[in-house]
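Working notes, beginning with the structure itself.
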Amino acid sequence: MNSKTLTSNMLEANKLWYIIPAVLLTGLSVFLFINYSESFTIEKVKNGFNQEFLIFLAIGVFAQLVDGTLGMGYGATSTTFLLSFGVHPATSSMAVHVAEMFTTGASAISHYRFKNINKKLVLNLIVPGIAGAIIGAYLLADVIDGEAIKPFIAIYMIILAATIIIKGLKKNIKKKKSKNLGLLAGFGGFMDSIGGGGWGPIVTSTLMGRGRDPRYTIGSVNTAEFAIAFASGITFVLFEGISGWRVIAGLVVGGIIAAPVGAYFLNKIPRKPATILVGFVLIILSVRTLIRLI
């Protein structure tokens with residue numbers, strides 16, 4: 001194989017990082033429009049653009065900025081704000097899962113555009129992450145109560161966050177070999193579906209705790225999250241259906257607007273402050289989760 005052919009093949013492969021999310025999101029949009037066409041009448045769409053929609057849009061922007069720059073917190077941030085504005089918990093959970101199918105796609109494309117990803121790491125996370133997400137979504141829809149597991153995950157993340165902060169304060173973080181990536185991704189995808197969030201806190205924080213560079217860790221985990229969110233969201237749609245379109249639309253539009261901004265700022269964040277910041281954010285989110293469950 002000559003160099004010209006090799007270059008051509010690489011360019012074609014690179015295009016797939018844009019094409020696959022675009023095709024999946026287009027297919028999802030068509031599916032939703034056909035199956036829920038009664039929700040997209042001109043009158044309903046016009047009535048949907050009101051003050052509440054702008055509030056949900058603002059929530060979507062903020063949640064995606066947090067997730068895009070820190071690699072975690074979209075589900076926790078958006079759900080907390082939605083509940084504070086009086087959205088029913090069941091509607092909040094559904095809206096966040098469906099919205100993530102779109103926002104993580106935009107985030108994946110943005111992180112790839114700004115060269116924030118490690119392709120090998122992304123590919124190692126996707127398959128086991130999808131498997132865990134599908135199993136978790138199915139169990140949550142038919143078998144178990146995800147609320148019962150949240151305290152254990154919150155405690156785990158507090159301990160892990162303390163480790164991350166300690167390592168972030170060190171001048172030199174020795175990088176450890178990332179073992180059992182499949183188990184980590186499977187567990188992260190499973191808990192993300194079961195608990196309404198957790199892919200970022202579990203996978204990102206664990207990898208950063210092993211000394212991985214924040215920029216490429218966050219970008220790679222966010223990119224892989226598109227596949228996990230898509231698998232989880234489709235499972236929820238098939239088993240539970242969809243409601244709360246105004247909430248979903250606000251989160252989706254806000255997330256798509258903020259995705260490239262978050263990816264751009266990630267490229268500007270130095271390693272040490274980013275590591276420490278992620279640790280503190282993780283502790284705050286986890287403590288808040290425990291307080292709410294007391």
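Scheme for the structure tokens: letters A, B, ... for chains in order shown; per-chain residue numbers from 1; ligand numbers from 1 in order shown.
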*Please provide as a ChimeraX atom specification all residues within 12 Å of Ala231 in chain A, with the sequence filter that same-chain residues fewer than 2 positions apart are discarded (counting only C-alpha atoms).*
/A:24,28,97-98,100-101,104,126-138,189-190,192-193,224-229,233-238
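Near Val253 in chain A, within 9 Å and counting only C-alpha atoms, sit Leu57, Gly60, Val61, Ala99, Phe102, Thr103, Ile248, Ala249, Ile257 and Ala258 of chain A; same-chain residues fewer than 4 positions away were not included.
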_Set the distance at 9 Å and use only C-alpha atoms: which residues neighbour Leu25 in chain A once local chain neighbours fewer than 4 positions away are removed? I'd like the list as a ChimeraX atom specification._
/A:20-21,29-30,101-102,105
Output C-alpha atoms of each residue in that selection to a file, as a short mmCIF file (atom, residue, chain, number, x, y, z; two decimals), in the first residue's frame.
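So the final result, stored in selection16.cif, reads:
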```
data_model
loop_
_atom_site.label_atom_id
_atom_site.label_comp_id
_atom_site.auth_asym_id
_atom_site.auth_seq_id
_atom_site.Cartn_x
_atom_site.Cartn_y
_atom_site.Cartn_z
CA ILE A 20 -21.76 8.20 12.24
CA PRO A 21 -23.15 10.67 14.82
CA SER A 29 -35.07 12.66 14.47
CA VAL A 30 -37.01 10.98 11.66
CA MET A 101 -28.89 11.35 22.72
CA PHE A 102 -28.64 14.64 20.83
CA GLY A 105 -23.69 13.59 19.60
#
```
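In this structure, CA of Asn50 in chain A sits 13.0 Å away from CA of Trp245 in chain A.
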